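So this block is query_31.cif, mmCIF, C-alpha atoms:
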```cif
data_run
#
loop_
_atom_site.label_atom_id
_atom_site.label_comp_id
_atom_site.auth_asym_id
_atom_site.auth_seq_id
_atom_site.Cartn_x
_atom_site.Cartn_y
_atom_site.Cartn_z
CA MET G 1 69.80 88.58 108.67
CA ARG G 2 71.13 88.44 112.22
CA LEU G 3 73.51 90.56 114.28
CA GLU G 4 76.57 89.03 115.92
CA SER G 5 78.75 90.49 118.64
CA TRP G 6 81.99 92.17 117.60
CA ASP G 7 84.60 89.42 117.29
CA SER G 8 88.03 89.26 115.66
CA LYS G 9 87.30 85.77 114.35
CA ARG G 10 85.48 87.55 111.53
CA ILE G 11 88.37 89.91 110.71
CA LYS G 12 89.17 88.34 107.33
CA ASP G 13 85.58 88.77 106.16
CA LEU G 14 85.35 92.28 107.60
CA VAL G 15 88.46 93.43 105.76
CA LYS G 16 87.21 91.76 102.57
CA LEU G 17 83.91 93.63 102.79
CA TRP G 18 85.70 96.92 103.46
CA ASN G 19 87.91 96.52 100.37
CA GLN G 20 84.96 95.44 98.27
CA GLU G 21 83.12 98.66 99.12
CA LEU G 22 85.89 101.20 99.83
CA GLY G 23 89.17 99.66 98.72
CA GLU G 24 89.70 101.74 95.59
CA GLU G 25 89.95 104.94 97.63
CA PHE G 26 90.68 103.68 101.14
CA PRO G 27 92.48 100.30 100.90
CA MET G 28 92.32 98.36 104.16
CA ARG G 29 95.08 96.16 105.56
CA THR G 30 94.40 93.45 108.14
CA ALA G 31 97.10 94.88 110.41
CA LEU G 32 95.48 98.33 110.30
CA PHE G 33 91.99 97.00 110.94
CA GLU G 34 93.20 94.94 113.87
CA GLN G 35 95.12 97.92 115.29
CA ASN G 36 92.23 100.39 115.04
CA SER G 37 89.08 98.31 115.43
CA PHE G 38 90.09 95.54 117.84
CA ASN G 39 93.21 96.53 119.77
CA ASP G 40 91.93 99.97 120.74
CA LYS G 41 90.80 99.76 124.37
CA ASN G 42 88.03 102.25 123.62
CA VAL G 43 86.08 99.95 121.29
CA LEU G 44 82.64 99.50 122.82
CA TYR G 45 82.23 95.79 122.17
CA GLU G 46 78.64 95.73 123.44
CA GLY G 47 77.81 98.46 120.93
CA SER G 48 79.63 97.06 117.89
CA PHE G 49 78.00 94.47 115.65
CA ILE G 50 78.43 92.28 112.59
CA ALA G 51 75.48 91.67 110.26
CA VAL G 52 75.40 88.15 108.81
CA ASP G 53 72.95 86.72 106.24
CA SER G 54 71.28 83.29 106.21
CA GLU G 55 74.33 81.77 104.51
CA ASP G 56 76.68 83.05 107.24
CA LYS G 57 78.10 85.77 104.98
CA VAL G 58 79.16 89.08 106.54
CA VAL G 59 77.01 91.77 104.89
CA GLY G 60 77.67 94.73 107.18
CA PHE G 61 79.22 95.94 110.42
CA ILE G 62 79.44 98.88 112.76
CA VAL G 63 82.18 99.84 115.23
CA ALA G 64 81.35 102.05 118.22
CA LYS G 65 83.72 103.60 120.72
CA LYS G 66 83.68 105.59 123.94
CA TRP G 67 86.53 106.67 126.20
CA GLN G 68 87.32 103.78 128.57
CA GLU G 69 90.99 104.24 129.49
CA GLN G 70 92.24 105.32 132.90
CA LEU G 71 94.45 108.13 131.63
CA ASP G 72 94.33 111.78 132.66
CA VAL G 73 94.49 113.27 129.17
CA GLY G 74 91.28 115.29 129.09
CA MET G 75 89.15 112.95 126.98
CA LYS G 76 85.41 113.22 127.64
CA GLU G 77 83.54 110.12 128.77
CA ASP G 78 80.16 111.37 127.52
CA ILE G 79 81.31 111.56 123.88
CA GLY G 80 80.88 108.46 121.72
CA TRP G 81 82.07 107.65 118.24
CA ILE G 82 80.93 105.56 115.33
CA GLN G 83 84.19 104.60 113.72
CA VAL G 84 82.62 102.98 110.67
CA LEU G 85 79.23 101.75 109.46
CA LEU G 86 79.44 99.68 106.30
CA VAL G 87 76.89 97.57 104.42
CA ASP G 88 77.44 95.40 101.34
CA HIS G 89 75.94 97.31 98.38
CA LYS G 90 73.87 94.25 97.45
CA TYR G 91 72.12 94.41 100.83
CA ARG G 92 71.40 98.12 101.01
CA ASN G 93 67.88 99.54 101.32
CA GLN G 94 66.89 96.41 103.23
CA GLY G 95 67.16 97.83 106.75
CA VAL G 96 70.61 96.41 107.56
CA GLY G 97 72.24 99.77 108.22
CA GLU G 98 69.19 101.00 110.13
CA ARG G 99 69.28 98.01 112.44
CA LEU G 100 73.01 98.32 113.03
CA LEU G 101 72.76 102.04 113.80
CA THR G 102 69.75 101.67 116.09
CA GLN G 103 71.42 98.98 118.17
CA THR G 104 74.65 100.95 118.42
CA GLU G 105 72.98 104.23 119.39
CA ALA G 106 71.07 102.45 122.13
CA SER G 107 74.26 100.89 123.49
CA LEU G 108 76.14 104.19 123.41
CA LYS G 109 73.30 105.97 125.20
CA SER G 110 73.04 103.31 127.88
CA SER G 111 76.79 103.59 128.47
CA GLY G 112 76.46 107.29 129.33
CA VAL G 113 77.15 108.90 125.97
CA ASN G 114 75.35 112.20 125.28
CA GLN G 115 76.76 112.98 121.85
CA ILE G 116 77.92 110.80 118.94
CA LEU G 117 80.54 111.83 116.41
CA LEU G 118 80.99 110.10 113.06
CA GLY G 119 84.70 109.33 112.91
CA LYS G 120 87.27 111.35 114.88
CA ASP G 121 87.56 108.46 117.35
CA PRO G 122 90.82 107.40 119.00
CA TRP G 123 92.53 105.22 116.37
CA HIS G 124 90.11 106.61 113.76
CA TYR G 125 89.95 105.98 110.02
CA PHE G 126 88.15 109.18 109.02
CA PRO G 127 87.57 112.65 110.53
CA GLY G 128 84.07 112.56 109.03
CA ILE G 129 82.23 111.21 106.00
CA PRO G 130 84.28 111.31 102.76
CA GLU G 131 82.91 114.17 100.65
CA GLN G 132 82.10 111.95 97.69
CA LYS G 133 79.71 109.86 99.81
CA THR G 134 76.81 112.33 99.52
CA ASN G 135 74.24 109.55 99.75
CA VAL G 136 75.74 108.46 103.07
CA MET G 137 75.55 112.04 104.36
CA LYS G 138 71.85 112.25 103.43
CA TRP G 139 71.20 108.89 105.10
CA PHE G 140 72.69 110.05 108.39
CA GLU G 141 70.99 113.45 108.19
CA LYS G 142 67.62 111.70 107.98
CA ARG G 143 68.53 109.97 111.25
CA GLY G 144 69.27 113.14 113.17
CA TYR G 145 72.94 113.75 112.42
CA GLU G 146 74.04 117.34 111.84
CA ALA G 147 76.90 118.53 109.64
CA CYS G 148 79.43 120.52 111.67
CA GLY G 149 82.48 121.36 109.58
CA ASN G 150 84.93 120.20 106.94
CA GLU G 151 88.32 118.51 107.22
CA HIS G 152 90.95 117.66 104.64
CA ASP G 153 93.93 115.42 103.94
CA LEU G 154 96.66 117.22 102.00
CA ILE G 155 99.45 115.84 99.83
CA CYS G 156 102.70 117.01 98.25
CA ASN G 157 105.12 115.30 95.88
CA TYR G 158 108.84 115.99 95.92
CA ASP G 159 111.73 115.16 93.61
CA ASN G 160 115.45 114.87 94.12
CA THR G 161 116.05 118.55 93.38
CA ASP G 162 114.10 119.73 96.42
CA GLU G 163 116.24 120.98 99.29
CA THR G 164 116.53 118.93 102.48
CA VAL G 165 118.00 121.48 104.88
CA LEU G 166 116.66 122.14 108.36
CA PRO G 167 115.29 125.67 108.93
CA SER G 168 117.55 128.01 110.89
CA PHE G 169 116.46 130.25 113.77
CA GLU G 170 118.83 131.96 116.17
CA GLY G 171 118.74 130.42 119.64
CA VAL G 172 116.63 127.37 118.76
CA LYS G 173 117.29 124.04 117.11
CA PHE G 174 115.31 121.26 115.47
CA SER G 175 116.05 117.59 116.06
CA LEU G 176 114.50 114.17 116.33
CA LEU G 177 113.31 113.36 119.83
CA ASP G 178 115.90 111.54 121.90
CA GLU G 179 114.38 108.78 124.02
CA LYS G 180 115.94 110.32 127.13
CA ASP G 181 113.71 113.38 126.58
CA LYS G 182 110.52 111.28 126.62
CA SER G 183 109.40 112.54 130.04
CA ASP G 184 109.98 116.20 129.15
CA PHE G 185 108.14 115.73 125.88
CA LEU G 186 105.09 114.14 127.51
CA SER G 187 105.07 116.92 130.11
CA PHE G 188 105.15 119.48 127.29
CA LEU G 189 102.16 117.81 125.60
CA HIS G 190 100.22 117.58 128.87
CA ARG G 191 100.77 121.29 129.47
CA CYS G 192 100.21 122.60 125.94
CA PHE G 193 98.15 119.96 124.12
CA PRO G 194 96.21 117.80 126.58
CA GLY G 195 93.78 115.39 124.97
CA ARG G 196 94.12 113.38 121.81
CA TRP G 197 97.70 114.39 120.91
CA GLU G 198 98.97 113.60 124.37
CA TYR G 199 97.10 110.29 124.33
CA GLU G 200 98.57 109.31 120.96
CA ALA G 201 102.09 110.04 122.20
CA ILE G 202 101.57 107.95 125.33
CA GLN G 203 100.32 105.08 123.15
CA TYR G 204 103.29 105.48 120.84
CA PHE G 205 105.79 104.97 123.66
CA GLU G 206 103.78 102.14 125.22
CA LYS G 207 103.90 100.31 121.88
CA GLY G 208 107.70 100.61 121.74
CA GLY G 209 108.32 103.95 120.03
CA THR G 210 111.85 105.31 120.43
CA GLY G 211 111.42 108.94 119.32
CA ARG G 212 112.25 108.73 115.59
CA GLU G 213 108.66 109.73 114.82
CA PHE G 214 108.84 113.12 116.55
CA VAL G 215 110.63 116.26 115.44
CA ILE G 216 111.04 118.74 118.28
CA LEU G 217 111.94 122.40 118.57
CA LYS G 218 114.14 123.31 121.54
CA ARG G 219 115.56 126.45 123.14
CA ASN G 220 118.04 125.98 125.98
CA ASN G 221 116.87 122.36 126.37
CA GLU G 222 113.23 123.45 126.70
CA ILE G 223 110.77 121.94 124.22
CA LEU G 224 108.79 124.66 122.42
CA GLY G 225 107.11 122.65 119.67
CA PHE G 226 106.79 119.32 117.93
CA SER G 227 105.69 117.54 114.80
CA ARG G 228 105.05 113.85 114.38
CA ILE G 229 106.41 112.17 111.26
CA ASN G 230 105.53 108.69 110.02
CA ASP G 231 106.78 106.24 107.42
CA ALA G 232 106.59 102.57 106.52
CA HIS G 233 109.02 101.69 109.32
CA SER G 234 107.06 103.37 112.11
CA ILE G 235 106.08 101.25 115.09
CA LEU G 236 102.39 101.99 114.46
CA ILE G 237 100.39 102.51 111.27
CA ALA G 238 99.68 106.22 111.65
CA GLN G 239 96.70 108.08 110.25
CA ASN G 240 98.61 109.92 107.53
CA THR G 241 99.94 106.63 106.14
CA TYR G 242 96.70 104.61 106.34
CA TRP G 243 96.21 104.67 102.58
CA ALA G 244 99.84 103.96 101.61
CA PRO G 245 98.82 100.92 99.49
CA LEU G 246 97.47 103.41 96.91
CA PHE G 247 101.08 104.17 95.95
CA HIS G 248 103.97 102.11 94.64
CA GLU G 249 106.59 104.14 96.51
CA GLN G 250 106.83 104.67 100.26
CA LEU G 251 104.42 107.21 101.73
CA GLY G 252 105.37 109.60 104.51
CA GLY G 253 103.11 111.49 106.87
CA ILE G 254 103.22 114.66 108.96
CA GLY G 255 101.01 115.54 111.91
CA PRO G 256 99.90 116.33 114.43
CA LEU G 257 102.08 119.35 115.18
CA GLY G 258 101.98 122.27 117.54
CA ILE G 259 103.88 125.17 119.07
CA ASP G 260 103.73 126.29 122.71
CA PRO G 261 101.01 129.02 122.80
CA ASN G 262 103.52 131.38 124.44
CA GLU G 263 105.90 131.01 121.49
CA ARG G 264 103.55 131.57 118.57
CA GLY G 265 103.86 134.39 116.07
CA LYS G 266 107.59 133.82 115.57
CA GLY G 267 107.46 131.65 112.46
CA TYR G 268 108.02 128.42 114.38
CA GLY G 269 104.82 126.79 113.07
CA ILE G 270 105.77 126.70 109.41
CA ALA G 271 109.37 125.96 110.41
CA ILE G 272 108.46 122.79 112.35
CA VAL G 273 106.60 121.56 109.26
CA GLU G 274 109.64 122.30 107.09
CA ALA G 275 111.83 120.43 109.59
CA ALA G 276 109.48 117.46 109.48
CA ILE G 277 109.60 117.46 105.69
CA THR G 278 113.40 117.57 105.81
CA TYR G 279 113.67 114.51 108.04
CA LEU G 280 111.24 112.54 105.86
CA ARG G 281 113.03 113.58 102.69
CA LYS G 282 116.31 112.38 104.20
CA ARG G 283 114.60 108.98 104.47
CA ALA G 284 114.16 109.06 100.67
CA ILE G 285 110.42 109.76 100.91
CA LYS G 286 109.06 111.70 97.95
CA ARG G 287 105.34 111.77 98.76
CA ILE G 288 104.00 113.17 102.04
CA VAL G 289 100.48 113.44 103.45
CA ILE G 290 99.23 115.85 106.12
CA ASP G 291 95.96 114.47 107.42
CA TRP G 292 92.85 115.86 109.14
CA THR G 293 93.30 119.61 108.91
CA GLY G 294 91.25 122.67 108.11
CA LEU G 295 94.34 124.83 107.58
CA VAL G 296 94.45 124.45 103.82
CA ALA G 297 95.73 127.98 103.11
CA PHE G 298 98.51 127.57 105.67
CA TYR G 299 99.89 124.43 104.03
CA GLU G 300 99.38 125.70 100.49
CA LYS G 301 102.23 128.13 101.23
CA ILE G 302 104.65 125.19 101.16
CA GLY G 303 103.17 123.34 98.19
CA TYR G 304 100.49 121.11 99.72
CA GLU G 305 97.13 120.62 98.04
CA VAL G 306 93.86 118.98 99.03
CA TRP G 307 93.86 115.22 98.42
CA LYS G 308 90.80 113.96 100.32
CA SER G 309 88.00 115.87 102.04
CA TYR G 310 85.45 114.98 104.71
CA ARG G 311 82.30 116.41 106.28
CA SER G 312 82.02 116.19 110.07
CA PHE G 313 78.75 115.03 111.66
CA LYS G 314 77.41 114.82 115.20
CA LYS G 315 74.20 113.83 116.96
CA ASP G 316 73.03 114.75 120.45
CA LEU G 317 71.28 111.93 122.25
#
```
Would you write the structure of this file as structure tokens?
Amino acid sequence: MRLESWDSKRIKDLVKLWNQELGEEFPMRTALFEQNSFNDKNVLYEGSFIAVDSEDKVVGFIVAKKWQEQLDVGMKEDIGWIQVLLVDHKYRNQGVGERLLTQTEASLKSSGVNQILLGKDPWHYFPGIPEQKTNVMKWFEKRGYEACGNEHDLICNYDNTDETVLPSFEGVKFSLLDEKDKSDFLSFLHRCFPGRWEYEAIQYFEKGGTGREFVILKRNNEILGFSRINDAHSILIAQNTYWAPLFHEQLGGIGPLGIDPNERGKGYGIAIVEAAITYLRKRAIKRIVIDWTGLVAFYEKIGYEVWKSYRSFKKDL
């Protein structure tokens, strides 16, 4: 077995291996893999590897990331991520995963990383290890990784009898983001939600987004809150629609979302979610996912239930 450098020429084999091992629960598309594991500028190519056997067959791979973009969005340069580590089940317990992880950890450390997170990377697949992969959790724990919380993807199904009316609050209104308000919206995110959410919005517009994926809450032309919504026609494959191939009908997604800290406690939080649902339902979407959240009780109030769960892990170098 040898390790090769990370290279998109192997993408067909990488996607095939993913679907062989994870496809029943997390079906991978070539477009999604290319978007998240090759086109992301934060992929650490010198720390990402492909394991190949003596017959030139891909038997495993690992993708590492660290913040490398010149954007003032509050992302830490000393945090690294392992996006995915996957080994063909026929080649497990032969040291393949150990070798991949050792090489990647060394590369991340030499690049200035002090802490590694499993998942949660920019353009991530998972916010941790899927809860059913208990053997994977034990494997990482033996190598110094520490559990540090739980995250969930939630889901709700709707039918044609469900209402699709925007919530009503005196003095405020909900709408889709108009492209002319792009600058105000990005300023709002920079002020209230610097970091990942701001970064994702910047990427969205750079990739050609027009605003149809953002519901905003306004008062006197001032943005007070937002929610992102996604569907099959979105310019990017967003995290809450990653696993859309599991369903025959179109899947919609909600999140992230947030309200200006100075405006909380007024019911706007649940209302922005209801507005997001309304806009997706008007697009004839009957199944909606809210991804990567710990606020299960909050969303249960409007009919959402846990669909997939994850355990977060970190390791200090």
Counting only C-alpha atoms, what is within 9 Å of Leu224 (chain G), bar same-chain residues fewer than 5 positions away, as an MDAnalysis selection string? chainID G and resid 188 216:219 258:263 268
Evaluate the PyMOL selection byres ((chain G and resi 243-255) around 7) against this structure - the residues, as a ChimeraX atom specification, please. /G:26-27,227-232,240-242,256-257,276,280,285,287-291
Just the residues within 8 Å of Val59 (chain G), please, counting all atoms listed in the file, with nothing from its chain fewer than 2 positions along; format it as a PyMOL selection string. chain G and resi 17+50-53+57+61+87-88+91
So which residues touch Lys109 (chain G) within 12 Å, counting only C-alpha atoms, skipping near sequence neighbours fewer than 2 positions away, as an NGL selection string? :G and (44 or 46-47 or 64-66 or 77-81 or 102-107 or 111-116 or 315-317)
Would you kindly identify which residues have an atom no farther than 12 Å from (96.7, 115.3, 122.2), using only C-alpha atoms and the file's own coordinates, and write them out as a PyMOL selection string? chain G and resi 72-75+122+186-204+226-228+255-258
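Residue membership of the PyMOL selection byres ((chain G and resi 207) around 12) in the shown file amounts to Gln35, Asn39, Glu200, Ala201, Ile202, Gln203, Tyr204, Phe205, Glu206, Gly208, Gly209, Thr210, Gly211, Ser234, Ile235, Leu236 and Ile237 of chain G.
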Give me, as a PyMOL selection string, all polymer residues having an atom no more than 12 Å from Asn221 (chain G), counting only C-alpha atoms and skipping those fewer than 3 positions away in the same chain. chain G and resi 171-175+177-178+181+184-185+216-218+224-225
Nearby residues (all atoms listed in the file) at most 12 Å from Glu141 (chain G), same-chain spacing under 2 positions excluded, as a list in words: Leu118, Ile129, Thr134, Asn135, Val136, Met137, Lys138, Trp139, Arg143, Gly144, Tyr145, Glu146, Ala147, Cys148, Arg311, Ser312, Phe313, Lys314 and Lys315 of chain G
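Closest approach to Val15 (chain G) among G:Glu69, G:Arg2, G:Glu151, G:Leu86: G:Leu86, based on only C-alpha atoms.
One finds CA of Phe140 (chain G) at 10.6 Å from CA of Leu85 (chain G).
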State, in Å with one decimal place, the distance from CA of Phe49 (chain G) to CA of Pro130 (chain G). 22.1 Å
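Between CA of Ser8 (chain G) and CA of Trp123 (chain G) lies a distance of 16.6 Å.
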Expand the PyMOL selection byres ((chain G and resi 301) around 12) into the explicit residue set it covers here, and present it as a count of residues only. 15
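Comparing G:Ala31, G:Leu3, G:Val43, G:Ile155 by their smallest distance to Trp67 (chain G), the closest is G:Val43 (using all atoms listed in the file).
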Best match for closeness to Leu32 (chain G) among G:His124, G:Arg10, G:Arg264, G:Arg99, counting all atoms listed in the file: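 Counting all atoms listed in the file, the residue closest to Leu32 (chain G) is G:His124.
For the choices G:Ile223, G:Ile62, G:Val165, G:Met1, the atom-to-atom distance to Leu14 (chain G) is smallest for G:Ile62 when using only C-alpha atoms.
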Counting all atoms listed in the file, the residue of G:Gly119, G:Asp56, G:His152, G:Gly265 that sits nearest Glu131 (chain G):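 Of the candidates, the smallest distance to Glu131 (chain G) is held by G:His152.
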